[in-house]
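Source file run08.csv; content: CSV, N, CA, C and O atoms.
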chain,number,residue,atom,x,y,z
A,3,MET,N,11.3,-14.4,23.0
A,3,MET,CA,11.9,-13.3,23.7
A,3,MET,C,13.3,-13.0,23.1
A,3,MET,O,13.6,-11.8,23.0
A,4,HIS,N,14.0,-14.0,22.7
A,4,HIS,CA,15.4,-13.8,22.3
A,4,HIS,C,15.5,-13.5,20.8
A,4,HIS,O,16.6,-13.4,20.3
A,5,TYR,N,14.4,-13.4,20.1
A,5,TYR,CA,14.4,-13.1,18.7
A,5,TYR,C,13.7,-11.8,18.5
A,5,TYR,O,12.5,-11.7,18.3
A,6,PRO,N,14.4,-10.7,18.4
A,6,PRO,CA,13.8,-9.4,18.2
A,6,PRO,C,12.9,-9.3,17.0
A,6,PRO,O,11.9,-8.6,17.0
A,7,GLU,N,13.2,-10.0,16.0
A,7,GLU,CA,12.4,-10.0,14.7
A,7,GLU,C,11.0,-10.6,14.9
A,7,GLU,O,10.2,-10.4,14.1
A,8,MET,N,10.8,-11.2,16.1
A,8,MET,CA,9.5,-11.8,16.4
A,8,MET,C,8.7,-10.9,17.3
A,8,MET,O,7.5,-11.2,17.6
A,9,TRP,N,9.3,-9.8,17.7
A,9,TRP,CA,8.6,-8.9,18.6
A,9,TRP,C,7.4,-8.2,17.9
A,9,TRP,O,7.5,-8.0,16.7
A,10,GLY,N,6.4,-7.7,18.6
A,10,GLY,CA,5.3,-7.0,18.0
A,10,GLY,C,5.7,-5.5,17.7
A,10,GLY,O,6.8,-5.1,18.1
A,11,TYR,N,4.9,-4.8,17.2
A,11,TYR,CA,5.1,-3.4,16.9
A,11,TYR,C,4.1,-2.5,17.7
A,11,TYR,O,3.0,-2.9,17.9
A,12,VAL,N,4.5,-1.3,18.0
A,12,VAL,CA,3.7,-0.4,18.7
A,12,VAL,C,3.5,0.8,17.8
A,12,VAL,O,4.4,1.3,17.2
A,13,GLN,N,2.3,1.3,17.6
A,13,GLN,CA,2.0,2.4,16.8
A,13,GLN,C,1.3,3.5,17.7
A,13,GLN,O,0.3,3.1,18.4
A,14,PHE,N,1.8,4.6,17.7
A,14,PHE,CA,1.2,5.7,18.6
A,14,PHE,C,0.2,6.6,17.7
A,14,PHE,O,0.4,6.7,16.5
A,15,THR,N,-0.7,7.2,18.4
A,15,THR,CA,-1.7,8.1,17.8
A,15,THR,C,-2.1,9.1,18.8
A,15,THR,O,-2.0,8.9,20.0
A,16,ASN,N,-2.6,10.2,18.3
A,16,ASN,CA,-3.2,11.3,19.2
A,16,ASN,C,-4.7,11.1,19.4
A,16,ASN,O,-5.3,11.8,20.2
A,17,GLU,N,-5.3,10.1,18.8
A,17,GLU,CA,-6.7,9.8,19.0
A,17,GLU,C,-7.0,9.1,20.3
A,17,GLU,O,-6.1,8.4,20.9
A,18,ILE,N,-8.1,9.4,20.9
A,18,ILE,CA,-8.5,8.8,22.1
A,18,ILE,C,-9.0,7.4,21.9
A,18,ILE,O,-9.7,7.1,20.9
A,19,VAL,N,-8.5,6.5,22.7
A,19,VAL,CA,-8.8,5.1,22.6
A,19,VAL,C,-10.4,4.9,22.6
A,19,VAL,O,-11.1,5.4,23.4
A,20,GLY,N,-10.8,4.1,21.6
A,20,GLY,CA,-12.2,3.8,21.5
A,20,GLY,C,-13.1,4.8,20.7
A,20,GLY,O,-14.2,4.5,20.4
A,21,LYS,N,-12.5,5.9,20.4
A,21,LYS,CA,-13.3,7.0,19.7
A,21,LYS,C,-13.2,6.8,18.2
A,21,LYS,O,-14.2,7.2,17.5
A,22,LYS,N,-12.1,6.2,17.7
A,22,LYS,CA,-11.9,6.1,16.3
A,22,LYS,C,-11.1,4.9,16.0
A,22,LYS,O,-10.2,4.6,16.7
A,23,ASN,N,-11.5,4.2,14.9
A,23,ASN,CA,-10.7,3.0,14.5
A,23,ASN,C,-9.5,3.5,13.7
A,23,ASN,O,-9.6,4.1,12.6
A,24,ILE,N,-8.3,3.2,14.2
A,24,ILE,CA,-7.1,3.6,13.6
A,24,ILE,C,-6.4,2.3,12.9
A,24,ILE,O,-6.2,1.3,13.6
A,25,SER,N,-6.2,2.4,11.7
A,25,SER,CA,-5.5,1.3,11.0
A,25,SER,C,-4.0,1.3,11.2
A,25,SER,O,-3.4,2.3,11.3
A,26,PHE,N,-3.4,0.1,11.3
A,26,PHE,CA,-2.0,0.0,11.5
A,26,PHE,C,-1.3,0.3,10.2
A,26,PHE,O,-1.7,-0.1,9.1
A,27,VAL,N,-0.3,1.1,10.3
A,27,VAL,CA,0.5,1.5,9.1
A,27,VAL,C,1.7,0.6,8.9
A,27,VAL,O,2.6,0.6,9.8
A,28,GLU,N,1.7,-0.2,7.9
A,28,GLU,CA,2.8,-1.1,7.6
A,28,GLU,C,4.0,-0.4,7.0
A,28,GLU,O,3.8,0.5,6.2
A,29,ASN,N,5.1,-0.9,7.3
A,29,ASN,CA,6.4,-0.4,6.8
A,29,ASN,C,6.9,-1.4,5.8
A,29,ASN,O,7.2,-2.5,6.2
A,30,ASN,N,7.0,-1.0,4.5
A,30,ASN,CA,7.4,-2.0,3.5
A,30,ASN,C,8.8,-2.5,3.7
A,30,ASN,O,9.2,-3.6,3.3
A,31,GLU,N,9.7,-1.7,4.4
A,31,GLU,CA,11.0,-2.2,4.7
A,31,GLU,C,11.0,-3.4,5.6
A,31,GLU,O,11.9,-4.3,5.5
A,32,GLU,N,10.0,-3.5,6.4
A,32,GLU,CA,9.9,-4.7,7.3
A,32,GLU,C,9.6,-6.0,6.5
A,32,GLU,O,10.1,-7.1,6.9
A,33,LYS,N,8.9,-5.9,5.4
A,33,LYS,CA,8.7,-7.1,4.6
A,33,LYS,C,10.0,-7.6,4.0
A,33,LYS,O,10.3,-8.8,4.0
A,34,ALA,N,10.8,-6.6,3.6
A,34,ALA,CA,12.1,-7.0,3.0
A,34,ALA,C,13.0,-7.6,4.1
A,34,ALA,O,13.7,-8.6,3.9
A,35,LYS,N,13.0,-7.0,5.3
A,35,LYS,CA,13.8,-7.5,6.4
A,35,LYS,C,13.4,-8.9,6.8
A,35,LYS,O,14.2,-9.8,7.1
A,36,TRP,N,12.1,-9.2,6.8
A,36,TRP,CA,11.6,-10.5,7.1
A,36,TRP,C,12.0,-11.5,6.1
A,36,TRP,O,12.4,-12.6,6.4
A,37,PHE,N,12.0,-11.2,4.8
A,37,PHE,CA,12.5,-12.1,3.8
A,37,PHE,C,14.0,-12.4,4.0
A,37,PHE,O,14.4,-13.5,3.9
A,38,LEU,N,14.8,-11.4,4.3
A,38,LEU,CA,16.2,-11.6,4.5
A,38,LEU,C,16.4,-12.5,5.7
A,38,LEU,O,17.3,-13.3,5.8
A,39,ARG,N,15.6,-12.3,6.8
A,39,ARG,CA,15.7,-13.2,7.9
A,39,ARG,C,15.4,-14.6,7.6
A,39,ARG,O,16.1,-15.6,8.1
A,40,GLN,N,14.4,-14.8,6.7
A,40,GLN,CA,14.1,-16.2,6.3
A,40,GLN,C,15.3,-16.8,5.5
A,40,GLN,O,15.6,-18.0,5.8
A,41,ILE,N,15.9,-16.0,4.7
A,41,ILE,CA,17.1,-16.5,4.0
A,41,ILE,C,18.2,-16.9,5.0
A,41,ILE,O,18.8,-18.0,4.9
A,42,TYR,N,18.4,-16.1,6.0
A,42,TYR,CA,19.4,-16.4,7.0
A,42,TYR,C,19.2,-17.7,7.7
A,42,TYR,O,20.1,-18.5,7.8
A,43,TYR,N,18.0,-17.9,8.2
A,43,TYR,CA,17.6,-19.1,9.0
A,43,TYR,C,17.6,-20.3,8.1
A,43,TYR,O,18.1,-21.4,8.5
A,44,LYS,N,17.2,-20.2,6.9
A,44,LYS,CA,17.2,-21.3,5.9
A,44,LYS,C,18.6,-21.7,5.5
A,44,LYS,O,18.9,-22.9,5.4
A,45,GLU,N,19.5,-20.7,5.3
A,45,GLU,CA,20.9,-20.9,5.0
A,45,GLU,C,21.5,-21.7,6.1
A,45,GLU,O,22.3,-22.6,5.9
A,46,ARG,N,21.3,-21.3,7.4
A,46,ARG,CA,21.9,-22.0,8.5
A,46,ARG,C,21.4,-23.4,8.5
A,46,ARG,O,22.3,-24.3,8.8
A,47,ALA,N,20.2,-23.7,8.3
A,47,ALA,CA,19.7,-25.1,8.3
A,47,ALA,C,20.3,-25.9,7.1
A,47,ALA,O,20.6,-27.0,7.3
A,48,TYR,N,20.4,-25.2,6.0
A,48,TYR,CA,21.0,-25.8,4.8
A,48,TYR,C,22.4,-26.2,5.1
A,48,TYR,O,22.9,-27.3,4.8
A,49,PHE,N,23.2,-25.3,5.7
A,49,PHE,CA,24.6,-25.6,6.1
A,49,PHE,C,24.7,-26.7,7.0
A,49,PHE,O,25.6,-27.6,6.9
A,50,GLU,N,23.8,-26.8,8.0
A,50,GLU,CA,23.9,-27.9,9.0
A,50,GLU,C,23.7,-29.2,8.3
A,50,GLU,O,24.4,-30.2,8.7
A,51,LYS,N,22.9,-29.3,7.3
A,51,LYS,CA,22.6,-30.5,6.6
A,51,LYS,C,23.7,-30.9,5.6
A,51,LYS,O,24.0,-32.0,5.4
A,52,ASN,N,24.2,-29.8,4.8
A,52,ASN,CA,25.0,-30.1,3.7
A,52,ASN,C,26.5,-29.6,3.9
A,52,ASN,O,27.3,-29.8,3.0
A,53,LYS,N,26.8,-29.0,5.0
A,53,LYS,CA,28.2,-28.6,5.4
A,53,LYS,C,28.7,-27.6,4.3
A,53,LYS,O,29.9,-27.4,4.2
A,54,THR,N,27.8,-26.9,3.7
A,54,THR,CA,28.2,-25.8,2.7
A,54,THR,C,26.9,-24.9,2.6
A,54,THR,O,25.8,-25.3,2.8
A,55,PHE,N,27.2,-23.7,2.2
A,55,PHE,CA,26.1,-22.8,1.9
A,55,PHE,C,25.6,-22.9,0.4
A,55,PHE,O,26.4,-23.5,-0.4
A,56,THR,N,24.5,-22.4,0.1
A,56,THR,CA,24.0,-22.5,-1.3
A,56,THR,C,24.0,-21.1,-1.9
A,56,THR,O,23.9,-20.1,-1.2
A,57,ASN,N,24.1,-21.0,-3.2
A,57,ASN,CA,24.0,-19.7,-3.9
A,57,ASN,C,22.8,-19.6,-4.7
A,57,ASN,O,22.6,-18.7,-5.5
A,58,ASP,N,21.8,-20.6,-4.5
A,58,ASP,CA,20.6,-20.6,-5.2
A,58,ASP,C,19.4,-20.7,-4.2
A,58,ASP,O,19.3,-21.6,-3.5
A,59,LEU,N,18.6,-19.6,-4.2
A,59,LEU,CA,17.5,-19.5,-3.2
A,59,LEU,C,16.5,-20.7,-3.4
A,59,LEU,O,15.8,-21.1,-2.5
A,60,LYS,N,16.5,-21.3,-4.6
A,60,LYS,CA,15.5,-22.4,-4.8
A,60,LYS,C,15.9,-23.6,-3.9
A,60,LYS,O,15.0,-24.3,-3.5
A,61,ASN,N,17.1,-23.7,-3.6
A,61,ASN,CA,17.6,-24.8,-2.7
A,61,ASN,C,17.1,-24.6,-1.3
A,61,ASN,O,17.1,-25.5,-0.5
A,62,LEU,N,16.7,-23.4,-1.0
A,62,LEU,CA,16.2,-23.1,0.4
A,62,LEU,C,14.7,-23.2,0.5
A,62,LEU,O,14.2,-23.1,1.6
A,63,GLY,N,14.0,-23.4,-0.6
A,63,GLY,CA,12.5,-23.5,-0.5
A,63,GLY,C,11.8,-22.2,-0.3
A,63,GLY,O,10.7,-22.2,0.3
A,64,LEU,N,12.4,-21.1,-0.7
A,64,LEU,CA,11.8,-19.8,-0.5
A,64,LEU,C,11.0,-19.4,-1.7
A,64,LEU,O,11.3,-19.8,-2.8
A,65,ARG,N,10.0,-18.6,-1.4
A,65,ARG,CA,9.1,-18.1,-2.6
A,65,ARG,C,9.9,-17.0,-3.3
A,65,ARG,O,10.9,-16.5,-2.9
A,66,LYS,N,9.3,-16.6,-4.5
A,66,LYS,CA,10.0,-15.6,-5.3
A,66,LYS,C,10.0,-14.3,-4.6
A,66,LYS,O,9.2,-14.0,-3.7
A,67,LEU,N,11.0,-13.4,-5.0
A,67,LEU,CA,11.1,-12.1,-4.4
A,67,LEU,C,9.9,-11.3,-4.7
A,67,LEU,O,9.6,-10.4,-4.0
A,68,GLN,N,9.2,-11.5,-5.8
A,68,GLN,CA,8.0,-10.7,-6.2
A,68,GLN,C,6.9,-10.8,-5.1
A,68,GLN,O,6.1,-10.0,-5.0
A,69,SER,N,7.0,-11.9,-4.3
A,69,SER,CA,6.0,-12.1,-3.3
A,69,SER,C,6.1,-11.0,-2.2
A,69,SER,O,5.2,-10.9,-1.4
A,70,LEU,N,7.2,-10.2,-2.1
A,70,LEU,CA,7.3,-9.2,-1.1
A,70,LEU,C,6.4,-8.0,-1.4
A,70,LEU,O,6.0,-7.3,-0.5
A,71,ASP,N,6.0,-7.8,-2.6
A,71,ASP,CA,5.1,-6.7,-3.0
A,71,ASP,C,5.6,-5.4,-2.4
A,71,ASP,O,4.9,-4.7,-1.8
A,72,ILE,N,6.9,-5.1,-2.7
A,72,ILE,CA,7.4,-3.8,-2.2
A,72,ILE,C,7.9,-2.9,-3.4
A,72,ILE,O,8.0,-3.4,-4.5
For the structure just supplied, provide its representation as structure tokens.
Amino acid sequence: MHYPEMWGYVQFTNEIVGKKNISFVENNEEKAKWFLRQIYYKERAYFEKNKTFTNDLKNLGLRKLQSLDI
């Protein structure tokens, strides 16, 4: 509840419920935001353990930026 980044999304349509299958339209910006949030949380954990931040994403155990597919 206290993490807005974990909330779901609502998509509106003019179609009548049950008459047509409507696919969810993903926003590529959300993929980038999610990756940045992962960096933030991993950096906080890294700092707690090491009492310093890192300037190398490899130290955080994150996947490559290409995995965003944006």
Query raised in the report: Hey, what's within 9 Å of stretch 35-46 of chain A if we count only C-alpha atoms and toss same-chain stuff fewer than 4 positions away? As a PyMOL selection string, please?
Result: chain A and resi 7+30-31+50-51+55-56+59+62-64+67+70
Query - Filtered DSSP result for chain A, state alpha helix (DSSP H), as a PyMOL selection string - result: chain A and resi 30-52
Report task. Provide the atom CA of A:Trp9 to atom O of A:Thr54 distance in Å, to one decimal place. Result ->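 Taking atom CA of A:Trp9 and atom O of A:Thr54, their separation equals 28.5 Å.
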Requested in this report: For atom CA of A:Asp58 and atom CA of A:Glu32, determine how far apart the two atoms are, in Å to one decimal place.
Outcome: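 Taking atom CA of A:Asp58 and atom CA of A:Glu32, their separation equals 22.9 Å.
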Report task. Report the distance between atom O of A:Tyr5 and atom O of A:Ile24 in Å, rounded to one decimal place. Result ->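 Here the two named atoms are 23.3 Å from each other.
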Requested in this report: Compile the contact shell of A:Val12 as a PyMOL selection string: residues with an atom at most 12 Å away, counting only C-alpha atoms, same-chain residues fewer than 2 positions apart removed.
Outcome: chain A and resi 9-10+14-15+26-28
Rebuild stretch 20-31 of chain A so that it carries all heavy atoms, then output the result as an mmCIF file, in the coordinates of the input.
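Saved the output as rebuild-v7.cif:
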data_model
loop_
_atom_site.group_PDB
_atom_site.id
_atom_site.type_symbol
_atom_site.label_atom_id
_atom_site.label_comp_id
_atom_site.auth_asym_id
_atom_site.auth_seq_id
_atom_site.Cartn_x
_atom_site.Cartn_y
_atom_site.Cartn_z
ATOM 1 N N GLY A 20 -10.800 4.100 21.600
ATOM 2 C CA GLY A 20 -12.200 3.800 21.500
ATOM 3 C C GLY A 20 -13.100 4.800 20.700
ATOM 4 O O GLY A 20 -14.200 4.500 20.400
ATOM 5 N N LYS A 21 -12.500 5.900 20.400
ATOM 6 C CA LYS A 21 -13.300 7.000 19.700
ATOM 7 C C LYS A 21 -13.200 6.800 18.200
ATOM 8 O O LYS A 21 -14.200 7.200 17.500
ATOM 9 C CB LYS A 21 -12.777 8.365 20.077
ATOM 10 C CG LYS A 21 -12.955 8.715 21.530
ATOM 11 C CD LYS A 21 -14.393 8.999 21.818
ATOM 12 C CE LYS A 21 -14.562 9.427 23.270
ATOM 13 N NZ LYS A 21 -15.913 9.726 23.603
ATOM 14 N N LYS A 22 -12.100 6.200 17.700
ATOM 15 C CA LYS A 22 -11.900 6.100 16.300
ATOM 16 C C LYS A 22 -11.100 4.900 16.000
ATOM 17 O O LYS A 22 -10.200 4.600 16.700
ATOM 18 C CB LYS A 22 -11.210 7.400 15.765
ATOM 19 C CG LYS A 22 -11.092 7.531 14.295
ATOM 20 C CD LYS A 22 -10.426 8.867 13.946
ATOM 21 C CE LYS A 22 -10.326 9.033 12.447
ATOM 22 N NZ LYS A 22 -9.645 10.269 12.089
ATOM 23 N N ASN A 23 -11.500 4.200 14.900
ATOM 24 C CA ASN A 23 -10.700 3.000 14.500
ATOM 25 C C ASN A 23 -9.500 3.500 13.700
ATOM 26 O O ASN A 23 -9.600 4.100 12.600
ATOM 27 C CB ASN A 23 -11.609 2.114 13.591
ATOM 28 C CG ASN A 23 -10.935 0.796 13.300
ATOM 29 O OD1 ASN A 23 -9.959 0.438 13.943
ATOM 30 N ND2 ASN A 23 -11.469 0.077 12.337
ATOM 31 N N ILE A 24 -8.300 3.200 14.200
ATOM 32 C CA ILE A 24 -7.100 3.600 13.600
ATOM 33 C C ILE A 24 -6.400 2.300 12.900
ATOM 34 O O ILE A 24 -6.200 1.300 13.600
ATOM 35 C CB ILE A 24 -6.081 4.178 14.583
ATOM 36 C CG1 ILE A 24 -6.720 5.353 15.310
ATOM 37 C CG2 ILE A 24 -4.786 4.577 13.913
ATOM 38 C CD1 ILE A 24 -7.066 6.519 14.420
ATOM 39 N N SER A 25 -6.200 2.400 11.700
ATOM 40 C CA SER A 25 -5.500 1.300 11.000
ATOM 41 C C SER A 25 -4.000 1.300 11.200
ATOM 42 O O SER A 25 -3.400 2.300 11.300
ATOM 43 C CB SER A 25 -5.745 1.345 9.458
ATOM 44 O OG SER A 25 -7.114 1.252 9.183
ATOM 45 N N PHE A 26 -3.400 0.100 11.300
ATOM 46 C CA PHE A 26 -2.000 0.000 11.500
ATOM 47 C C PHE A 26 -1.300 0.300 10.200
ATOM 48 O O PHE A 26 -1.700 -0.100 9.100
ATOM 49 C CB PHE A 26 -1.611 -1.447 11.913
ATOM 50 C CG PHE A 26 -0.150 -1.618 12.187
ATOM 51 C CD1 PHE A 26 0.398 -1.144 13.361
ATOM 52 C CD2 PHE A 26 0.665 -2.232 11.265
ATOM 53 C CE1 PHE A 26 1.748 -1.293 13.624
ATOM 54 C CE2 PHE A 26 2.014 -2.378 11.512
ATOM 55 C CZ PHE A 26 2.556 -1.913 12.691
ATOM 56 N N VAL A 27 -0.300 1.100 10.300
ATOM 57 C CA VAL A 27 0.500 1.500 9.100
ATOM 58 C C VAL A 27 1.700 0.600 8.900
ATOM 59 O O VAL A 27 2.600 0.600 9.800
ATOM 60 C CB VAL A 27 0.955 3.012 9.177
ATOM 61 C CG1 VAL A 27 1.758 3.416 7.962
ATOM 62 C CG2 VAL A 27 -0.241 3.929 9.374
ATOM 63 N N GLU A 28 1.700 -0.200 7.900
ATOM 64 C CA GLU A 28 2.800 -1.100 7.600
ATOM 65 C C GLU A 28 4.000 -0.400 7.000
ATOM 66 O O GLU A 28 3.800 0.500 6.200
ATOM 67 C CB GLU A 28 2.335 -2.290 6.728
ATOM 68 C CG GLU A 28 1.385 -3.253 7.401
ATOM 69 C CD GLU A 28 1.176 -4.493 6.570
ATOM 70 O OE1 GLU A 28 2.168 -5.158 6.225
ATOM 71 O OE2 GLU A 28 0.018 -4.783 6.259
ATOM 72 N N ASN A 29 5.100 -0.900 7.300
ATOM 73 C CA ASN A 29 6.400 -0.400 6.800
ATOM 74 C C ASN A 29 6.900 -1.400 5.800
ATOM 75 O O ASN A 29 7.200 -2.500 6.200
ATOM 76 C CB ASN A 29 7.370 -0.097 7.909
ATOM 77 C CG ASN A 29 8.656 0.495 7.418
ATOM 78 O OD1 ASN A 29 8.980 0.439 6.243
ATOM 79 N ND2 ASN A 29 9.415 1.062 8.332
ATOM 80 N N ASN A 30 7.000 -1.000 4.500
ATOM 81 C CA ASN A 30 7.400 -2.000 3.500
ATOM 82 C C ASN A 30 8.800 -2.500 3.700
ATOM 83 O O ASN A 30 9.200 -3.600 3.300
ATOM 84 C CB ASN A 30 7.323 -1.378 2.100
ATOM 85 C CG ASN A 30 5.894 -1.366 1.604
ATOM 86 O OD1 ASN A 30 5.094 -2.190 2.015
ATOM 87 N ND2 ASN A 30 5.578 -0.451 0.730
ATOM 88 N N GLU A 31 9.700 -1.700 4.400
ATOM 89 C CA GLU A 31 11.000 -2.200 4.700
ATOM 90 C C GLU A 31 11.000 -3.400 5.600
ATOM 91 O O GLU A 31 11.900 -4.300 5.500
ATOM 92 C CB GLU A 31 11.810 -1.100 5.400
ATOM 93 C CG GLU A 31 12.158 0.060 4.507
ATOM 94 C CD GLU A 31 12.857 1.177 5.269
ATOM 95 O OE1 GLU A 31 13.147 1.019 6.473
ATOM 96 O OE2 GLU A 31 13.108 2.220 4.641
#
